[in-house]
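Inspection log for the structure reproduced underneath, given as structure tokens.
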Amino acid sequence: WKYALDEPKSWTEFTDAAGDLADAAGDQWDEWDLGNFTDVLDGLDGLSFGDLFNDDPKQGDTTLLKWHNDFIEYDDGGLHLTLRNALDDTWQDAFEAAVSDWSESPALVLKTERVEVDHTCERVDGVMLVCNGNFGATG
């Protein structure tokens with residue numbers, strides 16, 4: 001809003017600029033055809049949407065989010081993943097249902113291991129640890 005409203009320095013300048021912006025948008029409204037999106041991607045040839053959020057300062061280092069080729073077998077079912085089940089007994093039915101559902105995909109080969117309950121959910125390299133606990137507002 002700083003630039004769209006010409007850097008207002010007071011509340012009065014802000015409200016005046018916002019009113020001017022609203023008036024300008026209203027003047028243009030009839031010229032916009034919001035019902036026709038057939039050419040919405042024209043001029044975007046060669047744009048890589050996959051790179052759109054690269055260098056996002058909020059994302060941080062994403063190298064750990066990428067699967068290493070060690071776990072991908074392109075001619076043998078895609079991603080081979082070991083799930084370490086560190087859930088307590090209250091979540092076992094949900095875990096089995098989820099694994100059964102995920103196993104329907106030809107892109108996944110899943111192996112499960114039941115391990116000791118881990119409410120701290122400490123990360124383990126090379127496997128997915130599935131655990132439950134009270135992690136606060138983050139899940």
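In the structure tokens, each chain is lettered A, B, ... as it comes, each chain's residues begin at 1, and ligands are numbered from 1 in order of appearance.
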Quiz item: Near stretch 103-116 of chain A, within 7 Å and counting only C-alpha atoms, which residues show up once chain neighbours fewer than 2 positions away are dropped, as a VMD selection string?
Solution: chain A and resid 77 to 86 99 to 101 118
Quiz item: Between atom CA of A:Ala22 and atom CA of A:Asp42, what is the spacing in Å?
Solution: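 Straight-line distance from atom CA of A:Asp42 to atom CA of A:Ala22 works out to 27.5 Å.
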Quiz item: How would you write, as a list in words, the set of residues in stretch 94-126 of chain A that DSSP gives as alpha helix (DSSP H)?
Solution: Ala94, Phe95, Glu96, Ala97, Ala98, Val99, Ser100, Asp101 and Trp102 of chain A
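Atom CA of A:Thr90 is found 13.6 Å from atom CA of A:Asn134.
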Exercise. Using atom CA of A:Ala94 and atom CA of A:Arg123 as the two end points, give the distance in Å to one decimal.
Key: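 Interatomic distance, atom CA of A:Ala94 to atom CA of A:Arg123: 21.1 Å.
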